[in-house]
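To be precise, the following lines are entry_5.cif, and they hold mmCIF, C-alpha atoms.
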```
data_model
loop_
_atom_site.label_atom_id
_atom_site.label_comp_id
_atom_site.auth_asym_id
_atom_site.auth_seq_id
_atom_site.Cartn_x
_atom_site.Cartn_y
_atom_site.Cartn_z
CA MET I 1 -77.35 177.25 -22.81
CA VAL I 2 -76.26 176.20 -19.33
CA LYS I 3 -78.86 176.82 -16.65
CA LYS I 4 -77.73 179.34 -14.06
CA MET I 5 -78.01 177.97 -10.54
CA VAL I 6 -78.05 179.45 -7.06
CA SER I 7 -74.93 178.83 -5.02
CA ARG I 8 -74.92 178.11 -1.33
CA GLY I 9 -71.27 179.18 -1.03
CA ASN I 10 -72.37 182.67 -2.03
CA PRO I 11 -73.05 184.91 1.01
CA GLU I 12 -75.97 186.49 -0.81
CA ASN I 13 -79.47 185.44 0.17
CA LEU I 14 -80.74 182.55 -1.94
CA TYR I 15 -83.89 184.41 -2.85
CA VAL I 16 -81.83 187.34 -4.21
CA GLN I 17 -79.82 184.94 -6.34
CA LEU I 18 -82.97 183.24 -7.58
CA TYR I 19 -84.61 186.63 -8.13
CA ARG I 20 -81.71 187.62 -10.36
CA ILE I 21 -81.83 184.38 -12.33
CA LEU I 22 -85.57 184.68 -12.93
CA ARG I 23 -85.23 188.34 -13.81
CA GLY I 24 -82.62 187.28 -16.35
CA LEU I 25 -85.11 184.84 -17.88
CA ILE I 26 -87.70 187.60 -18.14
CA GLU I 27 -85.36 190.25 -19.53
CA SER I 28 -83.77 187.92 -22.04
CA GLY I 29 -87.23 187.00 -23.28
CA GLU I 30 -86.77 183.34 -22.41
CA TRP I 31 -89.95 183.86 -20.41
CA SER I 32 -91.93 185.81 -22.92
CA ILE I 33 -94.30 188.66 -22.17
CA GLY I 34 -97.82 187.43 -21.51
CA GLY I 35 -96.63 183.86 -21.03
CA LEU I 36 -97.37 181.59 -18.07
CA ILE I 37 -94.30 180.86 -15.94
CA PRO I 38 -93.60 177.33 -14.67
CA PRO I 39 -95.42 176.34 -11.44
CA GLU I 40 -93.60 177.13 -8.18
CA LYS I 41 -93.12 173.43 -7.42
CA GLU I 42 -91.26 172.98 -10.68
CA LEU I 43 -89.03 175.99 -9.96
CA CYS I 44 -88.16 174.51 -6.54
CA LYS I 45 -87.02 171.37 -8.30
CA THR I 46 -85.16 173.10 -11.13
CA TYR I 47 -83.14 175.35 -8.82
CA SER I 48 -83.00 173.01 -5.78
CA VAL I 49 -84.44 175.62 -3.43
CA SER I 50 -87.29 175.64 -0.93
CA ALA I 51 -90.83 176.73 -1.70
CA ALA I 52 -90.29 179.76 0.56
CA THR I 53 -87.29 180.90 -1.52
CA VAL I 54 -89.28 180.61 -4.75
CA LYS I 55 -92.25 182.45 -3.23
CA THR I 56 -90.07 185.33 -1.99
CA ALA I 57 -88.23 185.71 -5.31
CA ILE I 58 -91.51 185.65 -7.23
CA SER I 59 -93.25 188.09 -4.92
CA HIS I 60 -90.38 190.55 -5.47
CA LEU I 61 -90.86 190.22 -9.21
CA VAL I 62 -94.61 190.71 -8.76
CA LYS I 63 -94.07 193.81 -6.60
CA GLN I 64 -91.72 195.17 -9.22
CA GLY I 65 -94.31 194.70 -11.89
CA LEU I 66 -92.40 192.10 -13.87
CA LEU I 67 -94.84 189.28 -13.07
CA VAL I 68 -98.53 189.24 -12.36
CA ARG I 69 -100.47 186.62 -10.40
CA TRP I 70 -103.89 185.56 -11.59
CA GLN I 71 -105.86 183.74 -8.95
CA GLY I 72 -106.42 180.15 -9.99
CA ARG I 73 -104.62 180.53 -13.31
CA GLY I 74 -101.00 181.01 -12.39
CA THR I 75 -98.30 183.66 -12.70
CA PHE I 76 -97.70 185.49 -15.96
CA VAL I 77 -94.99 187.72 -17.38
CA GLU I 78 -96.16 191.33 -17.30
CA ASN I 79 -95.52 193.77 -20.12
CA TRP I 80 -92.59 195.02 -18.08
CA GLN I 81 -90.80 196.92 -20.83
CA GLN I 82 -93.55 199.52 -20.75
CA LEU I 83 -93.70 199.61 -16.98
CA GLN I 84 -90.10 199.90 -15.85
CA SER I 85 -89.42 203.51 -14.97
CA GLU I 86 -86.28 205.39 -15.86
CA ASP I 87 -86.09 206.45 -12.20
CA SER I 88 -85.75 202.97 -10.80
CA LYS I 89 -83.16 202.06 -13.41
CA MET I 90 -81.09 205.06 -12.36
CA GLU I 91 -81.41 204.23 -8.69
CA GLY I 92 -80.28 200.70 -9.36
CA ARG I 93 -77.21 202.02 -11.15
CA LEU I 94 -76.43 204.48 -8.37
CA ILE I 95 -76.50 201.81 -5.66
CA GLU I 96 -74.60 199.47 -7.91
CA GLY I 97 -71.89 202.09 -8.32
CA ILE I 98 -71.52 202.62 -4.58
CA SER I 99 -71.26 198.94 -3.68
CA HIS I 100 -68.90 198.44 -6.60
CA GLU I 101 -66.47 201.01 -5.22
CA LEU I 102 -66.71 199.64 -1.69
CA ASN I 103 -66.28 196.06 -2.79
CA ASN I 104 -63.21 196.95 -4.80
CA VAL I 105 -61.60 198.47 -1.72
CA LEU I 106 -62.56 195.46 0.39
CA ALA I 107 -61.20 193.16 -2.31
CA VAL I 108 -57.73 194.73 -2.30
CA ILE I 109 -57.51 194.72 1.50
CA GLY I 110 -58.84 191.16 1.57
CA GLU I 111 -56.29 189.87 -0.94
CA LYS I 112 -53.41 191.63 0.81
CA ALA I 113 -54.48 190.26 4.19
CA GLY I 114 -54.84 186.77 2.73
CA TRP I 115 -51.38 186.99 1.23
CA LEU I 116 -49.87 188.19 4.54
CA GLU I 117 -51.64 185.39 6.38
CA GLU I 118 -50.04 182.85 4.03
CA LEU I 119 -46.58 184.40 4.47
CA ILE I 120 -46.84 184.59 8.25
CA GLU I 121 -47.74 180.90 8.36
CA GLU I 122 -44.36 180.20 6.79
CA GLU I 123 -42.38 182.19 9.35
CA ASP I 124 -40.50 180.56 12.18
CA LYS I 125 -42.63 181.65 15.09
CA ASP I 126 -39.77 181.62 17.59
CA SER I 127 -37.51 183.90 15.60
CA VAL I 128 -40.16 186.53 14.78
CA LYS I 129 -40.55 188.75 17.82
CA HIS I 130 -44.23 189.65 17.53
CA TYR I 131 -45.32 186.56 15.62
CA ALA I 132 -48.52 185.92 17.58
CA GLU I 133 -49.61 189.54 17.34
CA TYR I 134 -48.98 189.79 13.61
CA ARG I 135 -50.92 186.62 13.04
CA ASP I 136 -53.77 187.71 15.19
CA ALA I 137 -53.99 191.15 13.57
CA VAL I 138 -54.00 189.76 10.05
CA LYS I 139 -56.64 187.12 10.91
CA LYS I 140 -58.83 189.86 12.33
CA ILE I 141 -58.47 191.96 9.20
CA SER I 142 -59.65 189.00 7.13
CA LEU I 143 -62.54 188.50 9.50
CA GLN I 144 -63.61 192.11 9.19
CA ILE I 145 -63.45 191.82 5.42
CA SER I 146 -65.92 188.95 5.45
CA ARG I 147 -68.07 190.97 7.81
CA GLY I 148 -68.01 193.93 5.43
CA ARG I 149 -68.71 191.66 2.50
CA LYS I 150 -71.83 190.33 4.17
CA VAL I 151 -73.13 193.87 4.32
CA THR I 152 -72.28 194.86 0.74
CA HIS I 153 -73.39 191.57 -0.79
CA ARG I 154 -76.61 191.30 1.15
CA ASN I 155 -77.41 194.89 0.37
CA SER I 156 -77.77 193.92 -3.23
CA ASP I 157 -81.52 193.78 -2.72
CA LEU I 158 -81.61 197.46 -1.71
CA PRO I 159 -82.92 198.68 -5.08
CA LEU I 160 -85.79 196.20 -4.77
CA LYS I 161 -86.64 197.46 -1.34
CA ILE I 162 -86.54 201.09 -2.43
CA GLU I 163 -88.78 200.38 -5.39
CA GLU I 164 -91.27 198.67 -3.14
CA ILE I 165 -91.32 201.56 -0.69
CA LYS I 166 -91.91 203.98 -3.53
CA LYS I 167 -94.69 201.87 -5.00
CA ARG I 168 -96.36 201.71 -1.62
CA ARG I 169 -96.09 205.47 -1.25
CA ASN I 170 -97.56 206.02 -4.69
CA ASN I 171 -100.47 203.78 -3.76
CA GLY I 172 -101.31 206.06 -0.87
CA GLY I 173 -99.37 204.24 1.83
CA LYS I 174 -101.21 200.93 1.53
CA MET O 1 -55.14 168.26 -9.87
CA GLU O 2 -54.80 168.65 -13.59
CA ASP O 3 -52.71 171.47 -14.96
CA PHE O 4 -54.50 174.37 -16.44
CA ARG O 5 -53.70 177.91 -17.44
CA ILE O 6 -55.40 180.92 -15.94
CA LEU O 7 -55.44 184.56 -16.96
CA VAL O 8 -56.60 187.18 -14.46
CA VAL O 9 -57.75 190.52 -15.89
CA ASP O 10 -58.24 193.49 -13.58
CA ASP O 11 -57.25 197.15 -13.78
CA GLU O 12 -56.69 197.39 -10.01
CA LYS O 13 -53.00 196.54 -9.93
CA ASP O 14 -52.78 195.81 -6.21
CA PHE O 15 -55.64 193.36 -6.52
CA LEU O 16 -54.29 191.78 -9.69
CA ASP O 17 -50.73 191.27 -8.43
CA THR O 18 -51.83 189.77 -5.13
CA ILE O 19 -54.35 187.37 -6.55
CA VAL O 20 -51.81 186.21 -9.14
CA LYS O 21 -49.24 185.60 -6.38
CA ARG O 22 -51.73 183.69 -4.25
CA LEU O 23 -52.83 181.44 -7.09
CA LEU O 24 -49.19 180.82 -8.10
CA LYS O 25 -48.58 179.71 -4.55
CA ARG O 26 -51.21 177.04 -5.09
CA ASN O 27 -49.16 175.73 -7.99
CA LEU O 28 -51.41 176.96 -10.75
CA TYR O 29 -50.18 178.53 -13.97
CA VAL O 30 -51.33 182.14 -13.76
CA GLU O 31 -50.71 185.33 -15.68
CA GLY O 32 -52.18 188.77 -15.14
CA ALA O 33 -53.38 191.49 -17.52
CA GLU O 34 -54.21 195.05 -16.50
CA SER O 35 -56.62 195.80 -19.33
CA GLY O 36 -59.02 194.20 -21.77
CA ASP O 37 -56.70 194.98 -24.68
CA LYS O 38 -53.75 193.34 -22.99
CA ALA O 39 -55.91 190.31 -22.16
CA VAL O 40 -57.00 189.91 -25.78
CA GLU O 41 -53.38 190.18 -26.90
CA LEU O 42 -52.25 187.47 -24.43
CA ILE O 43 -55.17 185.19 -25.29
CA THR O 44 -54.49 185.52 -29.02
CA LYS O 45 -50.86 184.51 -28.53
CA GLY O 46 -51.09 182.03 -25.69
CA ASN O 47 -53.32 179.22 -24.55
CA PHE O 48 -55.45 179.94 -21.53
CA ASP O 49 -58.13 177.60 -20.24
CA VAL O 50 -59.90 179.89 -17.83
CA VAL O 51 -60.06 183.69 -17.70
CA LEU O 52 -61.05 185.58 -14.57
CA LEU O 53 -62.35 188.86 -15.89
CA ASP O 54 -63.25 192.07 -14.07
CA VAL O 55 -66.47 193.54 -15.42
CA LYS O 56 -65.70 197.20 -14.86
CA MET O 57 -62.49 198.45 -16.42
CA PRO O 58 -61.58 201.71 -18.14
CA GLY O 59 -61.22 201.39 -21.90
CA MET O 60 -62.37 198.02 -23.11
CA ASP O 61 -64.71 196.83 -20.37
CA GLY O 62 -65.36 193.28 -19.19
CA VAL O 63 -68.36 192.61 -21.38
CA GLU O 64 -66.57 193.78 -24.54
CA THR O 65 -63.50 191.78 -23.58
CA LEU O 66 -65.67 188.71 -23.05
CA ARG O 67 -67.13 189.14 -26.54
CA GLU O 68 -63.65 189.36 -28.04
CA ILE O 69 -62.39 186.32 -26.11
CA LYS O 70 -65.34 184.23 -27.29
CA LYS O 71 -64.58 185.33 -30.86
CA ILE O 72 -60.89 184.41 -30.72
CA LYS O 73 -61.03 181.31 -28.53
CA PRO O 74 -64.62 180.15 -28.14
CA LEU O 75 -63.72 177.26 -25.85
CA THR O 76 -61.99 179.43 -23.26
CA GLU O 77 -64.14 179.60 -20.14
CA VAL O 78 -64.63 183.03 -18.59
CA ILE O 79 -65.60 183.83 -15.01
CA MET O 80 -66.79 187.39 -14.56
CA LEU O 81 -65.75 189.31 -11.46
CA THR O 82 -68.12 192.02 -10.37
CA GLY O 83 -67.86 194.62 -7.65
CA HIS O 84 -71.62 194.79 -7.34
CA ALA O 85 -74.52 192.46 -7.36
CA TYR O 86 -77.66 194.04 -8.53
CA VAL O 87 -77.94 194.68 -12.16
CA GLU O 88 -77.25 193.42 -15.56
CA SER O 89 -73.53 192.88 -15.98
CA GLY O 90 -73.61 189.43 -14.41
CA ILE O 91 -76.63 188.40 -16.42
CA GLU O 92 -75.27 190.09 -19.51
CA GLY O 93 -72.08 188.06 -19.14
CA MET O 94 -74.03 184.83 -18.79
CA LYS O 95 -75.96 185.63 -21.96
CA LEU O 96 -72.69 186.12 -23.79
CA GLY O 97 -71.43 182.75 -22.67
CA ALA O 98 -69.54 183.40 -19.44
CA PHE O 99 -69.23 180.33 -17.23
CA ASP O 100 -70.35 182.11 -14.08
CA TYR O 101 -69.76 185.23 -12.09
CA LEU O 102 -68.27 185.98 -8.69
CA MET O 103 -68.67 189.00 -6.52
CA LYS O 104 -65.72 190.83 -5.04
CA PRO O 105 -64.33 190.46 -2.44
CA MET O 106 -64.26 186.67 -2.61
CA GLU O 107 -62.66 183.89 -0.60
CA LEU O 108 -59.71 182.32 -2.37
CA ASP O 109 -61.14 178.84 -1.79
CA GLN O 110 -64.40 179.82 -3.43
CA LEU O 111 -62.50 181.21 -6.41
CA PHE O 112 -60.34 178.11 -6.60
CA GLU O 113 -63.40 175.83 -6.78
CA LYS O 114 -65.00 177.99 -9.45
CA LEU O 115 -61.82 177.95 -11.54
CA LYS O 116 -61.68 174.16 -11.30
CA ASP O 117 -65.33 173.81 -12.32
CA ALA O 118 -64.77 176.09 -15.30
CA PHE O 119 -61.73 174.12 -16.38
CA GLU O 120 -63.61 170.82 -16.09
CA LYS O 121 -66.34 172.16 -18.31
CA LYS O 122 -63.82 173.24 -20.92
CA HIS O 123 -62.04 169.91 -20.72
CA LEU O 124 -65.29 167.97 -21.20
CA GLN O 125 -66.20 170.14 -24.14
CA GLU O 126 -62.84 169.43 -25.78
CA LEU O 127 -63.28 165.70 -25.21
CA ARG O 128 -66.70 165.88 -26.81
CA ILE O 129 -65.30 167.67 -29.85
CA GLU O 130 -62.48 165.14 -30.11
CA ASP O 131 -65.03 162.35 -29.89
CA ALA O 132 -67.17 163.88 -32.61
CA LYS O 133 -64.11 164.22 -34.86
CA VAL O 134 -63.21 160.56 -34.35
CA ARG O 135 -66.77 159.48 -35.11
CA HIS O 136 -66.81 161.67 -38.20
CA THR O 137 -63.56 160.14 -39.46
CA MET O 138 -64.92 156.65 -38.84
CA MET O 139 -68.09 157.39 -40.79
CA TYR O 140 -66.35 159.29 -43.55
CA PRO O 141 -62.81 157.94 -43.80
CA PRO O 142 -60.48 160.22 -45.74
CA ARG O 143 -60.11 159.11 -49.34
CA GLY O 144 -57.05 157.03 -49.97
CA GLY O 145 -56.67 156.55 -46.24
CA ALA O 146 -56.65 153.29 -44.30
#
```
The structure in this file should be written as structure tokens.
Amino acid sequence: MVKKMVSRGNPENLYVQLYRILRGLIESGEWSIGGLIPPEKELCKTYSVSAATVKTAISHLVKQGLLVRWQGRGTFVENWQQLQSEDSKMEGRLIEGISHELNNVLAVIGEKAGWLEELIEEEDKDSVKHYAEYRDAVKKISLQISRGRKVTHRNSDLPLKIEEIKKRRNNGGK
Amino acid sequence: MEDFRILVVDDEKDFLDTIVKRLLKRNLYVEGAESGDKAVELITKGNFDVVLLDVKMPGMDGVETLREIKKIKPLTEVIMLTGHAYVESGIEGMKLGAFDYLMKPMELDQLFEKLKDAFEKKHLQELRIEDAKVRHTMMYPPRGGA
């Protein structure tokens, strides 16, 4: 099986991408329950990311209860199947649904604007009365789309954040 | 760039039509399908190298369609398109043999690169199979043959 890698062209944070990859390894059983995961240094090498990125991704998995750190021994896969609550699964799906809808809207507008941009480039700028304004407007629409995308794509770690807040609350606000 | 054939599958017609037009403008061979069923029909009949497949569609969804595609034409590379980032569908797709996944909305250049990478992988795989066949024939020449 081909190893999934993080992509720097992706507007998503690297740690979120790595988090998702590692979560995939845990959920697919490639990293088996109770097993020791590879050392952080090795993960940096495997996924060509910094130590900070690996640390952040792992600490999210620890906070979620998928991994557990044992001082001096390493990080192990927790018995997550028993721990994952139905609540957090539902929240994840809810947020997923919302960003899905939004992204679909952005995608249509983005494609249409991109298409217009390409067509306008082909026009003879002297014979089209408002050429400069059309071009400017369409460029700005595309710009706003990438702005919106940054929000929806980066918000993909929202379920993680919510879970952490809830865990903290359940632990008496620690 | 080498010629390759792309199929885009998405139930959002405005999105589908526009992306097909934009890729055609870049001199690629592209067709569109509005549903998983239609995609499977086209893939069974025609030869596509790379499929760009929306995960969430009414009827036969992206993951099911991916399974079917891999059954009919295992070498076809599939890139999943998702409207969201968080949960399983991306990972699920990777487990089922998708090449990669992209999140909507995406830059056309980014898509273009991904399509090329997927095609290269398929091409290499075909070369490897061809190579293995040749080696097999050399080791076990057909009876009565040269």
*Kindly determine which residues of chain O lie within 12 Å of chain I, considering all atoms listed in the file, and give the answer as a count of residues only.*
55
*Shell around region 123-137 of chain O at 10 Å using all atoms listed in the file, local window under 3 positions removed, as a VMD selection string*: chain O and resid 4 49 75 to 77 117 to 120 140 to 142
The centre and edge lengths of an axis-aligned box containing all atoms of region 64-82 of chain I present in the file, extended by 6 Å on each side, are to be given in Å to one decimal, as JSON.
```
{"center_x": -98.6, "center_y": 189.8, "center_z": -14.9, "size_x": 27.6, "size_y": 31.4, "size_z": 23.9}
```
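Interatomic distance, CA of Met90 (chain I) against CA of Lys63 (chain I): 18.1 Å.
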*asked:* Take the PyMOL selection byres ((chain I and resi 37) around 9), run it mentally on this structure, and tell me the resulting residues as a PyMOL selection string.
replied: chain I and resi 31-32+35-36+38-40+67+74-77
Selection from above, C-alpha atoms, as a PDB file, in the frame of the given file, can you write it?
```pdb
ATOM      1  CA  TRP I  31     -89.950 183.860 -20.410  1.00  0.00           C
ATOM      2  CA  SER I  32     -91.930 185.810 -22.920  1.00  0.00           C
ATOM      3  CA  GLY I  35     -96.630 183.860 -21.030  1.00  0.00           C
ATOM      4  CA  LEU I  36     -97.370 181.590 -18.070  1.00  0.00           C
ATOM      5  CA  PRO I  38     -93.600 177.330 -14.670  1.00  0.00           C
ATOM      6  CA  PRO I  39     -95.420 176.340 -11.440  1.00  0.00           C
ATOM      7  CA  GLU I  40     -93.600 177.130  -8.180  1.00  0.00           C
ATOM      8  CA  LEU I  67     -94.840 189.280 -13.070  1.00  0.00           C
ATOM      9  CA  GLY I  74    -101.000 181.010 -12.390  1.00  0.00           C
ATOM     10  CA  THR I  75     -98.300 183.660 -12.700  1.00  0.00           C
ATOM     11  CA  PHE I  76     -97.700 185.490 -15.960  1.00  0.00           C
ATOM     12  CA  VAL I  77     -94.990 187.720 -17.380  1.00  0.00           C
TER      13      VAL I  77
END
```
*Run the PyMOL selection byres ((chain O and resi 72) around 12) against the file shown and list the residues it catches, as a list in words.*
Ala39, Val40, Glu41, Leu42, Ile43, Thr44, Lys45, Gly46, Asn47, Phe48, Thr65, Leu66, Arg67, Glu68, Ile69, Lys70, Lys71, Lys73, Pro74, Leu75 and Thr76 of chain O
*Have a look at CA of Tyr15 (chain I) and CA of Lys45 (chain I) and let me know their distance in Å, one decimal.*
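Result for CA of Tyr15 (chain I) versus CA of Lys45 (chain I): 14.5 Å, one decimal.
Atom to atom, CA of Val63 (chain O) and CA of Tyr47 (chain I) stand 26.0 Å apart.
Applied to the file shown here, the PyMOL selection byres ((chain O and resi 30) around 7) selects Arg5, Ile6, Leu7, Val20, Leu23, Leu24, Leu28, Tyr29, Glu31 and Gly32 of chain O.
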*For each of I:Val151, I:Val138, I:Val62, I:Leu119, take the minimum atom-to-atom distance to Lys167 (chain I), counting all atoms listed in the file, then give the residue where this is smallest.*
I:Val62
